[in-house]
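Visitor: To be precise about what I am sending: the file is called data.pdb and holds PDB, C-alpha atoms.
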ATOM      1  CA  MET A  37       0.000   0.000   0.000
ATOM      2  CA  ARG A  38       1.571   3.245  -1.158
ATOM      3  CA  LEU A  39       0.574   6.812  -1.824
ATOM      4  CA  THR A  40       1.404   7.944  -5.350
ATOM      5  CA  LEU A  41       4.682   9.764  -5.948
ATOM      6  CA  PHE A  42       2.445  12.655  -6.993
ATOM      7  CA  SER A  43       1.032  12.971  -3.448
ATOM      8  CA  ASP A  44       4.484  12.513  -1.935
ATOM      9  CA  TYR A  45       5.890  15.345  -4.083
ATOM     10  CA  ALA A  46       2.820  17.537  -3.495
ATOM     11  CA  ILE A  47       3.365  17.444   0.258
ATOM     12  CA  ARG A  48       7.084  18.122  -0.200
ATOM     13  CA  VAL A  49       6.301  21.164  -2.344
ATOM     14  CA  LEU A  50       3.913  22.496   0.292
ATOM     15  CA  ILE A  51       6.486  21.897   3.046
ATOM     16  CA  TYR A  52       9.081  23.792   0.995
ATOM     17  CA  ALA A  53       6.711  26.676   0.226
ATOM     18  CA  ALA A  54       5.709  26.888   3.898
ATOM     19  CA  ALA A  55       9.353  27.095   4.987
ATOM     20  CA  ALA A  56       9.922  29.939   2.493
ATOM     21  CA  ASP A  57       7.386  31.904   4.512
ATOM     22  CA  GLY A  58       5.944  34.144   1.805
ATOM     23  CA  ARG A  59       9.047  34.332  -0.399
ATOM     24  CA  LEU A  60       8.353  33.278  -4.006
ATOM     25  CA  VAL A  61      10.016  29.946  -4.827
ATOM     26  CA  THR A  62      10.646  28.486  -8.284
ATOM     27  CA  ILE A  63      10.113  24.928  -9.446
ATOM     28  CA  GLU A  64      13.840  24.730 -10.137
ATOM     29  CA  GLU A  65      14.643  25.725  -6.564
ATOM     30  CA  ILE A  66      12.312  23.063  -5.157
ATOM     31  CA  ALA A  67      13.674  20.461  -7.596
ATOM     32  CA  ASN A  68      17.227  21.257  -6.485
ATOM     33  CA  ALA A  69      16.341  21.211  -2.791
ATOM     34  CA  TYR A  70      14.927  17.696  -3.033
ATOM     35  CA  GLY A  71      17.024  16.421  -5.938
ATOM     36  CA  ILE A  72      13.953  15.445  -7.926
ATOM     37  CA  SER A  73      12.866  15.930 -11.530
ATOM     38  CA  ARG A  74      11.749  19.394 -12.587
ATOM     39  CA  SER A  75       9.174  18.034 -15.039
ATOM     40  CA  HIS A  76       7.528  15.899 -12.343
ATOM     41  CA  LEU A  77       7.319  18.944 -10.100
ATOM     42  CA  MET A  78       5.814  21.105 -12.830
ATOM     43  CA  LYS A  79       2.661  18.943 -12.879
ATOM     44  CA  VAL A  80       2.530  18.831  -9.095
ATOM     45  CA  VAL A  81       2.820  22.618  -8.761
ATOM     46  CA  ASN A  82       0.170  23.151 -11.444
ATOM     47  CA  SER A  83      -2.189  20.811  -9.632
ATOM     48  CA  LEU A  84      -1.590  22.489  -6.255
ATOM     49  CA  THR A  85      -2.185  25.883  -7.835
ATOM     50  CA  LYS A  86      -5.408  24.679  -9.454
ATOM     51  CA  ALA A  87      -6.541  23.245  -6.103
ATOM     52  CA  GLY A  88      -5.978  26.645  -4.491
ATOM     53  CA  TYR A  89      -3.059  25.727  -2.218
ATOM     54  CA  LEU A  90      -0.418  27.680  -4.155
ATOM     55  CA  LYS A  91      -0.580  30.938  -6.018
ATOM     56  CA  GLY A  92       1.840  31.817  -8.801
ATOM     57  CA  VAL A  93       3.448  35.059  -9.845
ATOM     58  CA  ARG A  94       4.611  35.115 -13.483
ATOM     59  CA  GLY A  95       7.714  36.760 -14.847
ATOM     60  CA  ARG A  96      11.491  36.705 -14.417
ATOM     61  CA  SER A  97      11.412  36.987 -10.650
ATOM     62  CA  GLY A  98       8.196  34.996 -10.362
ATOM     63  CA  GLY A  99       7.484  31.775  -8.545
ATOM     64  CA  VAL A 100       4.892  30.277  -6.254
ATOM     65  CA  THR A 101       3.915  30.777  -2.655
ATOM     66  CA  LEU A 102       1.247  29.367  -0.349
ATOM     67  CA  ALA A 103      -2.175  30.758  -1.230
ATOM     68  CA  MET A 104      -3.340  30.523   2.405
ATOM     69  CA  PRO A 105      -1.769  30.132   5.854
ATOM     70  CA  GLY A 106      -0.321  26.684   6.536
ATOM     71  CA  SER A 107      -2.758  26.299   9.423
ATOM     72  CA  GLU A 108      -5.586  26.290   6.879
ATOM     73  CA  ILE A 109      -4.076  23.619   4.633
ATOM     74  CA  ASN A 110      -5.498  20.367   5.895
ATOM     75  CA  LEU A 111      -3.317  17.331   5.141
ATOM     76  CA  GLY A 112      -6.308  15.019   4.644
ATOM     77  CA  ALA A 113      -7.749  17.414   2.095
ATOM     78  CA  VAL A 114      -4.406  17.644   0.280
ATOM     79  CA  VAL A 115      -4.155  13.871  -0.033
ATOM     80  CA  ARG A 116      -7.801  13.640  -1.162
ATOM     81  CA  ALA A 117      -6.958  16.185  -3.878
ATOM     82  CA  THR A 118      -3.701  14.596  -5.040
ATOM     83  CA  GLU A 119      -4.439  10.851  -4.947
ATOM     84  CA  PRO A 120      -6.020   9.735  -8.234
ATOM     85  CA  ASP A 121      -8.184   7.244  -6.351
ATOM     86  CA  PHE A 122      -8.284   5.229  -3.156
ATOM     87  CA  ALA A 123      -9.065   2.022  -5.012
ATOM     88  CA  LEU A 124      -7.767  -0.372  -2.397
ATOM     89  CA  VAL A 125      -9.229  -3.380  -4.244
ATOM     90  CA  GLU A 126     -10.710  -4.099  -7.677
ATOM     91  CA  CYS A 127     -14.328  -3.482  -6.677
ATOM     92  CA  PHE A 128     -13.411   0.118  -5.812
ATOM     93  CA  THR A 129     -12.711   0.750  -9.518
ATOM     94  CA  ARG A 130     -15.030   1.212 -12.468
ATOM     95  CA  GLU A 131     -13.282  -1.726 -14.145
ATOM     96  CA  ASN A 132     -14.553  -4.034 -11.414
ATOM     97  CA  ARG A 133     -15.127  -7.625 -12.575
ATOM     98  CA  CYS A 134     -15.084  -9.372  -9.191
ATOM     99  CA  ALA A 135     -17.766 -12.063  -9.183
ATOM    100  CA  ILE A 136     -18.778 -11.561  -5.556
ATOM    101  CA  SER A 137     -18.840  -7.796  -5.357
ATOM    102  CA  GLY A 138     -22.636  -7.790  -5.080
ATOM    103  CA  CYS A 139     -22.608  -9.661  -1.766
ATOM    104  CA  CYS A 140     -19.044  -9.348  -0.424
ATOM    105  CA  ARG A 141     -18.680  -7.770   3.001
ATOM    106  CA  LEU A 142     -15.014  -6.814   2.628
ATOM    107  CA  PRO A 143     -15.665  -3.388   0.984
ATOM    108  CA  ASN A 144     -17.448  -2.095   4.086
ATOM    109  CA  ILE A 145     -14.476  -3.028   6.244
ATOM    110  CA  LEU A 146     -11.974  -1.514   3.807
ATOM    111  CA  ASN A 147     -14.020   1.680   3.625
ATOM    112  CA  GLU A 148     -13.998   1.826   7.422
ATOM    113  CA  ALA A 149     -10.202   1.365   7.468
ATOM    114  CA  LEU A 150      -9.749   3.985   4.755
ATOM    115  CA  GLY A 151     -11.960   6.351   6.712
ATOM    116  CA  ALA A 152      -9.752   5.876   9.767
ATOM    117  CA  PHE A 153      -6.662   6.574   7.645
ATOM    118  CA  VAL A 154      -8.012   9.785   6.134
ATOM    119  CA  ALA A 155      -9.598  10.929   9.404
ATOM    120  CA  THR A 156      -6.139  10.797  10.994
ATOM    121  CA  LEU A 157      -4.689  13.035   8.285
ATOM    122  CA  ASP A 158      -7.694  15.338   8.713
ATOM    123  CA  ARG A 159      -6.478  16.140  12.209
ATOM    124  CA  TYR A 160      -3.297  17.786  10.904
ATOM    125  CA  ALA A 161      -2.485  20.905   8.928
ATOM    126  CA  LEU A 162       0.596  21.911   6.962
ATOM    127  CA  SER A 163       1.558  24.174   9.877
ATOM    128  CA  ASP A 164       1.988  21.040  12.033
ATOM    129  CA  ILE A 165       4.854  19.866   9.811
ATOM    130  CA  THR A 166       6.450  23.134   8.721
ATOM    131  CA  LEU A 167      10.237  23.203   8.717
ATOM    132  CA  HIS A 168      12.907  25.909   8.869
ATOM    133  CA  PRO A 169      14.703  26.902   5.637
ATOM    134  CA  ALA A 170      17.943  25.580   7.149
ATOM    135  CA  ASP A 171      16.435  22.077   7.166
ATOM    136  CA  PHE A 172      16.795  22.071   3.370
ATOM    137  CA  ARG A 173      20.500  22.855   3.310
ATOM    138  CA  ASP A 174      22.493  21.142   0.554
ATOM    139  CA  GLY A 175      24.334  17.968   1.219
ATOM    140  CA  ARG A 176      22.125  16.670   3.999
ATOM    141  CA  LEU A 177      22.121  12.893   3.832
ATOM    142  CA  PRO A 178      18.814  11.087   4.132
ATOM    143  CA  SER A 179      18.390   9.396   7.479
ATOM    144  CA  ALA A 180      17.285   5.828   7.984
ATOM    145  CA  VAL A 181      13.884   4.557   6.945
ATOM    146  CA  ARG A 182      11.073   6.366   8.789
ATOM    147  CA  GLY A 183       8.285   3.802   8.468
ATOM    148  CA  PRO A 184       6.045   1.950   8.205
ATOM    149  CA  ASP A 185       5.604   1.745  11.907
ATOM    150  CA  PHE A 186       2.321   0.377  13.166
ATOM    151  CA  PRO A 187       1.249  -1.996  15.906
ATOM    152  CA  PRO A 188       1.817  -5.717  15.390
ATOM    153  CA  ALA A 189      -1.167  -7.882  14.515
ATOM    154  CA  ALA A 190      -3.887  -8.055  17.151
ATOM    155  CA  ALA A 191      -3.126 -10.679  19.768
ATOM    156  CA  THR A 192      -6.792 -11.384  20.503
ATOM    157  CA  ARG A 193      -7.033 -13.627  17.480
ATOM    158  CA  ARG A 194      -4.535 -16.074  16.106
ATOM    159  CA  GLY A 195      -3.730 -13.631  13.342
ATOM    160  CA  ASP A 196      -0.591 -12.773  15.271
ATOM    161  CA  ASP A 197       0.874 -16.133  14.316
ATOM    162  CA  ALA A 198       1.102 -15.070  10.710
ATOM    163  CA  ALA A 199       3.371 -12.041  10.944
TER     164      ALA A 199
ATOM    165  CA  MET B   8      -3.532   4.469  -2.552
ATOM    166  CA  ARG B   9      -4.139   0.825  -3.408
ATOM    167  CA  LEU B  10      -3.537  -2.573  -1.909
ATOM    168  CA  THR B  11      -1.585  -4.872  -4.225
ATOM    169  CA  LEU B  12      -3.510  -7.253  -6.468
ATOM    170  CA  PHE B  13      -1.732  -9.951  -4.470
ATOM    171  CA  SER B  14      -3.529  -8.926  -1.254
ATOM    172  CA  ASP B  15      -6.827  -8.542  -3.124
ATOM    173  CA  TYR B  16      -6.535 -12.080  -4.527
ATOM    174  CA  ALA B  17      -5.337 -13.481  -1.196
ATOM    175  CA  ILE B  18      -8.484 -12.310   0.556
ATOM    176  CA  ARG B  19     -10.631 -13.645  -2.289
ATOM    177  CA  VAL B  20      -8.969 -17.052  -1.999
ATOM    178  CA  LEU B  21      -9.622 -17.107   1.746
ATOM    179  CA  ILE B  22     -13.266 -16.076   1.216
ATOM    180  CA  TYR B  23     -13.656 -18.885  -1.319
ATOM    181  CA  ALA B  24     -11.991 -21.467   0.907
ATOM    182  CA  ALA B  25     -14.133 -20.374   3.861
ATOM    183  CA  ALA B  26     -17.328 -20.791   1.819
ATOM    184  CA  ALA B  27     -16.231 -24.302   0.832
ATOM    185  CA  ASP B  28     -16.425 -25.125   4.540
ATOM    186  CA  GLY B  29     -13.805 -27.862   4.752
ATOM    187  CA  ARG B  30     -14.150 -29.199   1.202
ATOM    188  CA  LEU B  31     -10.837 -29.236  -0.695
ATOM    189  CA  VAL B  32     -10.784 -26.631  -3.462
ATOM    190  CA  THR B  33      -8.374 -26.412  -6.394
ATOM    191  CA  ILE B  34      -6.625 -23.365  -7.791
ATOM    192  CA  GLU B  35      -8.460 -23.984 -11.060
ATOM    193  CA  GLU B  36     -11.823 -23.906  -9.286
ATOM    194  CA  ILE B  37     -10.990 -20.617  -7.550
ATOM    195  CA  ALA B  38      -9.637 -19.138 -10.800
ATOM    196  CA  ASN B  39     -12.873 -20.068 -12.590
ATOM    197  CA  ALA B  40     -15.083 -18.742  -9.805
ATOM    198  CA  TYR B  41     -13.478 -15.309  -9.975
ATOM    199  CA  GLY B  42     -12.450 -15.340 -13.635
ATOM    200  CA  ILE B  43      -8.827 -14.587 -12.783
ATOM    201  CA  SER B  44      -5.487 -16.008 -13.888
ATOM    202  CA  ARG B  45      -4.492 -19.417 -12.573
ATOM    203  CA  SER B  46      -0.793 -18.526 -12.493
ATOM    204  CA  HIS B  47      -1.429 -15.442 -10.358
ATOM    205  CA  LEU B  48      -3.454 -17.552  -7.943
ATOM    206  CA  MET B  49      -0.752 -20.202  -7.716
ATOM    207  CA  LYS B  50       1.623 -17.722  -6.063
ATOM    208  CA  VAL B  51      -1.112 -16.409  -3.799
ATOM    209  CA  VAL B  52      -2.113 -19.896  -2.631
ATOM    210  CA  ASN B  53       1.531 -20.840  -2.032
ATOM    211  CA  SER B  54       2.010 -17.727   0.060
ATOM    212  CA  LEU B  55      -1.153 -18.317   2.095
ATOM    213  CA  THR B  56      -0.094 -21.921   2.681
ATOM    214  CA  LYS B  57       3.363 -20.818   3.784
ATOM    215  CA  ALA B  58       1.794 -18.251   6.142
ATOM    216  CA  GLY B  59      -0.297 -21.018   7.721
ATOM    217  CA  TYR B  60      -3.729 -19.867   6.554
ATOM    218  CA  LEU B  61      -4.254 -22.717   4.058
ATOM    219  CA  LYS B  62      -3.231 -26.344   4.119
ATOM    220  CA  GLY B  63      -2.815 -28.388   0.979
ATOM    221  CA  VAL B  64      -3.540 -32.015   0.166
ATOM    222  CA  ARG B  65      -1.556 -33.368  -2.788
ATOM    223  CA  GLY B  66      -2.765 -35.821  -5.404
ATOM    224  CA  ARG B  67      -5.503 -36.181  -8.009
ATOM    225  CA  SER B  68      -8.342 -35.262  -5.687
ATOM    226  CA  GLY B  69      -6.190 -32.824  -3.737
ATOM    227  CA  GLY B  70      -6.620 -29.143  -3.138
ATOM    228  CA  VAL B  71      -6.469 -26.620  -0.341
ATOM    229  CA  THR B  72      -8.636 -25.802   2.645
ATOM    230  CA  LEU B  73      -8.447 -23.366   5.532
ATOM    231  CA  ALA B  74      -5.793 -24.426   8.035
ATOM    232  CA  MET B  75      -7.747 -22.884  10.950
ATOM    233  CA  PRO B  76     -11.284 -21.661  11.644
ATOM    234  CA  GLY B  77     -12.231 -18.444   9.859
ATOM    235  CA  SER B  78     -12.765 -16.805  13.241
ATOM    236  CA  GLU B  79      -9.032 -17.189  13.885
ATOM    237  CA  ILE B  80      -7.922 -15.611  10.614
ATOM    238  CA  ASN B  81      -7.476 -11.940  11.394
ATOM    239  CA  LEU B  82      -7.856  -9.655   8.363
ATOM    240  CA  GLY B  83      -5.228  -7.207   9.588
ATOM    241  CA  ALA B  84      -2.735 -10.032   9.963
ATOM    242  CA  VAL B  85      -3.543 -11.318   6.473
ATOM    243  CA  VAL B  86      -2.902  -7.917   4.904
ATOM    244  CA  ARG B  87       0.315  -7.513   6.923
ATOM    245  CA  ALA B  88       1.429 -10.876   5.528
ATOM    246  CA  THR B  89       0.454 -10.237   1.900
ATOM    247  CA  GLU B  90       1.424  -6.592   1.334
ATOM    248  CA  PRO B  91       5.085  -6.348   0.265
ATOM    249  CA  ASP B  92       5.424  -3.088   2.193
ATOM    250  CA  PHE B  93       3.395  -0.186   3.479
ATOM    251  CA  ALA B  94       5.781   2.343   1.984
ATOM    252  CA  LEU B  95       3.336   5.230   1.771
ATOM    253  CA  VAL B  96       6.102   7.672   0.840
ATOM    254  CA  GLU B  97       9.740   7.489  -0.259
ATOM    255  CA  CYS B  98      11.231   7.769   3.236
ATOM    256  CA  PHE B  99       9.448   4.524   4.178
ATOM    257  CA  THR B 100      11.705   2.673   1.710
ATOM    258  CA  ARG B 101      15.337   1.660   1.890
ATOM    259  CA  GLU B 102      15.935   3.632  -1.336
ATOM    260  CA  ASN B 103      15.020   6.840   0.486
ATOM    261  CA  ARG B 104      16.800   9.927  -0.887
ATOM    262  CA  CYS B 105      14.488  12.615   0.486
ATOM    263  CA  ALA B 106      16.595  15.541   1.662
ATOM    264  CA  ILE B 107      14.444  16.372   4.686
ATOM    265  CA  SER B 108      13.779  12.893   6.014
ATOM    266  CA  GLY B 109      15.974  13.557   9.036
ATOM    267  CA  CYS B 110      13.779  16.341  10.362
ATOM    268  CA  CYS B 111      10.431  15.945   8.551
ATOM    269  CA  ARG B 112       7.382  15.496  10.762
ATOM    270  CA  LEU B 113       5.162  13.925   8.099
ATOM    271  CA  PRO B 114       6.307  10.303   8.700
ATOM    272  CA  ASN B 115       4.922  10.333  12.252
ATOM    273  CA  ILE B 116       1.532  11.441  10.977
ATOM    274  CA  LEU B 117       1.530   8.879   8.165
ATOM    275  CA  ASN B 118       2.507   6.136  10.605
ATOM    276  CA  GLU B 119      -0.383   7.182  12.837
ATOM    277  CA  ALA B 120      -2.793   7.061   9.858
ATOM    278  CA  LEU B 121      -1.427   3.700   8.769
ATOM    279  CA  GLY B 122      -1.837   2.419  12.318
ATOM    280  CA  ALA B 123      -5.486   3.489  12.271
ATOM    281  CA  PHE B 124      -5.973   1.705   8.935
ATOM    282  CA  VAL B 125      -4.453  -1.564  10.087
ATOM    283  CA  ALA B 126      -6.066  -1.379  13.534
ATOM    284  CA  THR B 127      -9.470  -1.270  11.820
ATOM    285  CA  LEU B 128      -8.688  -4.439   9.868
ATOM    286  CA  ASP B 129      -7.431  -6.010  13.095
ATOM    287  CA  ARG B 130     -10.955  -5.845  14.471
ATOM    288  CA  TYR B 131     -12.258  -8.275  11.840
ATOM    289  CA  ALA B 132     -11.783 -11.944  11.070
ATOM    290  CA  LEU B 133     -12.429 -13.968   7.926
ATOM    291  CA  SER B 134     -15.572 -15.320   9.600
ATOM    292  CA  ASP B 135     -17.002 -11.779   9.536
ATOM    293  CA  ILE B 136     -16.995 -11.787   5.732
ATOM    294  CA  THR B 137     -17.680 -15.438   4.927
ATOM    295  CA  LEU B 138     -20.137 -16.103   2.075
ATOM    296  CA  HIS B 139     -22.351 -18.985   1.014
ATOM    297  CA  PRO B 140     -21.218 -21.191  -1.902
ATOM    298  CA  ALA B 141     -24.251 -19.952  -3.891
ATOM    299  CA  ASP B 142     -22.770 -16.451  -3.832
ATOM    300  CA  PHE B 143     -20.143 -17.679  -6.294
ATOM    301  CA  ARG B 144     -22.626 -18.971  -8.870
ATOM    302  CA  ASP B 145     -21.567 -18.529 -12.498
ATOM    303  CA  GLY B 146     -22.771 -15.614 -14.506
ATOM    304  CA  ARG B 147     -23.256 -13.191 -11.634
ATOM    305  CA  LEU B 148     -22.554  -9.709 -12.924
ATOM    306  CA  PRO B 149     -20.375  -7.431 -10.841
ATOM    307  CA  SER B 150     -22.338  -4.736  -9.102
ATOM    308  CA  ALA B 151     -21.478  -1.071  -9.085
ATOM    309  CA  VAL B 152     -18.326   0.293  -7.523
ATOM    310  CA  ARG B 153     -18.181  -0.381  -3.764
ATOM    311  CA  GLY B 154     -15.767   2.333  -2.684
ATOM    312  CA  PRO B 155     -13.855   4.331  -1.728
ATOM    313  CA  ASP B 156     -16.343   5.741   0.691
ATOM    314  CA  PHE B 157     -14.957   7.924   3.447
ATOM    315  CA  PRO B 158     -15.982  11.178   5.076
ATOM    316  CA  PRO B 159     -15.414  14.416   3.166
ATOM    317  CA  ALA B 160     -12.486  16.592   4.229
ATOM    318  CA  ALA B 161     -12.693  17.963   7.753
ATOM    319  CA  ALA B 162     -14.772  21.120   7.918
ATOM    320  CA  THR B 163     -12.882  22.530  10.890
ATOM    321  CA  ARG B 164     -10.126  23.737   8.627
ATOM    322  CA  ARG B 165     -10.344  25.234   5.173
ATOM    323  CA  GLY B 166      -9.101  21.966   3.716
ATOM    324  CA  ASP B 167     -12.711  21.291   2.731
ATOM    325  CA  ASP B 168     -12.429  23.927   0.022
ATOM    326  CA  ALA B 169     -10.001  21.780  -1.899
ATOM    327  CA  ALA B 170     -12.110  18.677  -2.546
TER     328      ALA B 170
END
Take the structure in the file and give it back as structure tokens.
Guide:
Amino acid sequence: MRLTLFSDYAIRVLIYAAAADGRLVTIEEIANAYGISRSHLMKVVNSLTKAGYLKGVRGRSGGVTLAMPGSEINLGAVVRATEPDFALVECFTRENRCAISGCCRLPNILNEALGAFVATLDRYALSDITLHPADFRDGRLPSAVRGPDFPPAAATRRGDDAA
Amino acid sequence: MRLTLFSDYAIRVLIYAAAADGRLVTIEEIANAYGISRSHLMKVVNSLTKAGYLKGVRGRSGGVTLAMPGSEINLGAVVRATEPDFALVECFTRENRCAISGCCRLPNILNEALGAFVATLDRYALSDITLHPADFRDGRLPSAVRGPDFPPAAATRRGDDAA
């Protein structure tokens, strides 16, 4: 289970723009800060602008900046806007051909789990994860893996034998 | 955000085996019931057998059956066993190159959301979603899309403007 790279980059762009604190930043600057492709970022920035999270200023000294305070940019809403779908399983897609989707009880459970996932993100805003410009200094080496980190399988049922 | 097809098929195999209620079922039978590839299912069944959810009987009239009661097969544990990773974003992978992963506060929030997702699945067992053999009858047409279905963006912050 993964978010798309598009969502990953969208959040990184917002984190960068938040750290710039009103200063206009260019796509090139963001691409250099993260060491990622400029063309990928172009689409991400366009999408964030369209969604109303960024506003752009054209011209030689142009760039983008947050269109609203970071405290008003809800992380759940960002991920809802950037993920193409939350099609956890086939019957969540329009191409569904699963023979039991009329009677299966799994979708209700997956929708409940998805709701819990998104509801968690809904409790946070961009301002909760804003960094200082110095955090983006060149040459910083990535640290160790940061996740996934979630509780082991429930011990109340024998599911915990399977991990 | 999607589960892998492997997890999707794994749960379908378990649902089918549970409906068979102790009768040995073959990969071919499951493949026909769902209209999916036999070779895909082979790997899924092997993995579920290895994880202790299915047991196989070799020979001409062989097949597989649940290795334990459906009430003891925890859905959260199944998904933990079948998903290759829960690498929501780049810094959850060993290939992480994100420049801010040392100081970024997003991973904690994503881990919390992931925990909420998996904890929901942990509350259910295969027996909660078991079907009747008649539910697999040939020719059933898939119903409409079953998800995703989760609450709209939180209204407490302006994130709800972005949906």
Visitor: For a quick check of understanding, using all atoms listed in the file, which of B:Pro114, B:Gly69, B:Pro76, B:Pro91 has the smallest distance to Leu10 of chain B?
Guide: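 Among the listed residues, the smallest separation from Leu10 of chain B belongs to B:Pro91.
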Visitor: Expand the PyMOL selection byres ((chain B and resi 18) around 9) into the explicit residue set it covers here, and present it as a PDB file with C-alpha atoms, in the frame of the given file.
Guide:
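Everything below was put into part.pdb:
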ATOM      1  CA  LEU A 142     -15.014  -6.814   2.628  1.00  0.00           C
TER       2      LEU A 142
ATOM      3  CA  PHE B  13      -1.732  -9.951  -4.470  1.00  0.00           C
ATOM      4  CA  SER B  14      -3.529  -8.926  -1.254  1.00  0.00           C
ATOM      5  CA  ASP B  15      -6.827  -8.542  -3.124  1.00  0.00           C
ATOM      6  CA  TYR B  16      -6.535 -12.080  -4.527  1.00  0.00           C
ATOM      7  CA  ALA B  17      -5.337 -13.481  -1.196  1.00  0.00           C
ATOM      8  CA  ARG B  19     -10.631 -13.645  -2.289  1.00  0.00           C
ATOM      9  CA  VAL B  20      -8.969 -17.052  -1.999  1.00  0.00           C
ATOM     10  CA  LEU B  21      -9.622 -17.107   1.746  1.00  0.00           C
ATOM     11  CA  ILE B  22     -13.266 -16.076   1.216  1.00  0.00           C
ATOM     12  CA  TYR B  23     -13.656 -18.885  -1.319  1.00  0.00           C
ATOM     13  CA  LEU B  82      -7.856  -9.655   8.363  1.00  0.00           C
ATOM     14  CA  VAL B  85      -3.543 -11.318   6.473  1.00  0.00           C
ATOM     15  CA  VAL B  86      -2.902  -7.917   4.904  1.00  0.00           C
ATOM     16  CA  LEU B 133     -12.429 -13.968   7.926  1.00  0.00           C
TER      17      LEU B 133
END
Visitor: Take the PyMOL selection byres ((chain B and resi 60) around 8), apply it to the structure above, and return the hits as a PyMOL selection string.
Guide: (chain A and resi 198) or (chain B and resi 55-59+61-62+73-75+80)
Visitor: Residues as selected, C-alpha atoms, written as a tab-separated table (two decimals), keeping the file's coordinate frame, can you do that?
Guide:
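Result written to again-v2.tsv:
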chain	number	residue	atom	x	y	z
A	198	ALA	CA	1.10	-15.07	10.71
B	55	LEU	CA	-1.15	-18.32	2.10
B	56	THR	CA	-0.09	-21.92	2.68
B	57	LYS	CA	3.36	-20.82	3.78
B	58	ALA	CA	1.79	-18.25	6.14
B	59	GLY	CA	-0.30	-21.02	7.72
B	61	LEU	CA	-4.25	-22.72	4.06
B	62	LYS	CA	-3.23	-26.34	4.12
B	73	LEU	CA	-8.45	-23.37	5.53
B	74	ALA	CA	-5.79	-24.43	8.04
B	75	MET	CA	-7.75	-22.88	10.95
B	80	ILE	CA	-7.92	-15.61	10.61
Visitor: Padding 3 Å on each side, edges along x, y and z: where is the centre of the box around the listed atoms of segment 109-119 of chain A, and how long are its edges in Å to one decimal? Output it as lines of an AutoDock Vina configuration file.
Guide:
center_x = -5.6
center_y = 17.2
center_z = 0.4
size_x = 10.5
size_y = 18.8
size_z = 16.9
Visitor: Anything within 12 Å of (-10.2, 13.1, -2.0): list those residues as a PDB file with C-alpha atoms, keeping the file's coordinate frame, counting all atoms listed in the file and sticking to the file's coordinates.
Guide:
ATOM      1  CA  SER A  43       1.032  12.971  -3.448  1.00  0.00           C
ATOM      2  CA  ALA A  87      -6.541  23.245  -6.103  1.00  0.00           C
ATOM      3  CA  ASN A 110      -5.498  20.367   5.895  1.00  0.00           C
ATOM      4  CA  LEU A 111      -3.317  17.331   5.141  1.00  0.00           C
ATOM      5  CA  GLY A 112      -6.308  15.019   4.644  1.00  0.00           C
ATOM      6  CA  ALA A 113      -7.749  17.414   2.095  1.00  0.00           C
ATOM      7  CA  VAL A 114      -4.406  17.644   0.280  1.00  0.00           C
ATOM      8  CA  VAL A 115      -4.155  13.871  -0.033  1.00  0.00           C
ATOM      9  CA  ARG A 116      -7.801  13.640  -1.162  1.00  0.00           C
ATOM     10  CA  ALA A 117      -6.958  16.185  -3.878  1.00  0.00           C
ATOM     11  CA  THR A 118      -3.701  14.596  -5.040  1.00  0.00           C
ATOM     12  CA  GLU A 119      -4.439  10.851  -4.947  1.00  0.00           C
ATOM     13  CA  PRO A 120      -6.020   9.735  -8.234  1.00  0.00           C
ATOM     14  CA  ASP A 121      -8.184   7.244  -6.351  1.00  0.00           C
ATOM     15  CA  PHE A 122      -8.284   5.229  -3.156  1.00  0.00           C
ATOM     16  CA  ALA A 123      -9.065   2.022  -5.012  1.00  0.00           C
ATOM     17  CA  LEU A 150      -9.749   3.985   4.755  1.00  0.00           C
ATOM     18  CA  GLY A 151     -11.960   6.351   6.712  1.00  0.00           C
ATOM     19  CA  VAL A 154      -8.012   9.785   6.134  1.00  0.00           C
ATOM     20  CA  ALA A 155      -9.598  10.929   9.404  1.00  0.00           C
ATOM     21  CA  LEU A 157      -4.689  13.035   8.285  1.00  0.00           C
ATOM     22  CA  ASP A 158      -7.694  15.338   8.713  1.00  0.00           C
TER      23      ASP A 158
ATOM     24  CA  MET B   8      -3.532   4.469  -2.552  1.00  0.00           C
ATOM     25  CA  PRO B 155     -13.855   4.331  -1.728  1.00  0.00           C
ATOM     26  CA  ASP B 156     -16.343   5.741   0.691  1.00  0.00           C
ATOM     27  CA  PHE B 157     -14.957   7.924   3.447  1.00  0.00           C
ATOM     28  CA  PRO B 158     -15.982  11.178   5.076  1.00  0.00           C
ATOM     29  CA  PRO B 159     -15.414  14.416   3.166  1.00  0.00           C
ATOM     30  CA  ALA B 160     -12.486  16.592   4.229  1.00  0.00           C
ATOM     31  CA  ALA B 161     -12.693  17.963   7.753  1.00  0.00           C
ATOM     32  CA  GLY B 166      -9.101  21.966   3.716  1.00  0.00           C
ATOM     33  CA  ASP B 167     -12.711  21.291   2.731  1.00  0.00           C
ATOM     34  CA  ASP B 168     -12.429  23.927   0.022  1.00  0.00           C
ATOM     35  CA  ALA B 169     -10.001  21.780  -1.899  1.00  0.00           C
ATOM     36  CA  ALA B 170     -12.110  18.677  -2.546  1.00  0.00           C
TER      37      ALA B 170
END
Visitor: Taking 5 positions as the minimum chain separation for residues in the same chain, which residues sit within 8 Å of segment 25-39 of chain B when counting only C-alpha atoms? Answer as a PyMOL selection string.
Guide: chain B and resi 20+44-45+48-49+52+64+69-73+77+133-134+137-140
Visitor: Could you please determine the separation between atom CA of Ser75 of chain A and atom CA of Gly92 of chain A in Å, to one decimal place?
Guide: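 Straight-line distance from atom CA of Ser75 of chain A to atom CA of Gly92 of chain A works out to 16.8 Å.
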Visitor: Please measure the separation of atom CA of Ser179 of chain A and atom CA of Tyr70 of chain A, giving the value in Å to one decimal.
Guide: 13.8 Å
Visitor: I'd like the residues picked by the PyMOL selection byres ((chain A and resi 130-134) around 9) written out as a ChimeraX atom specification, using the chain letters and numbers from the file.
Guide: /A:125-129,135-138 /B:41-43,148-152
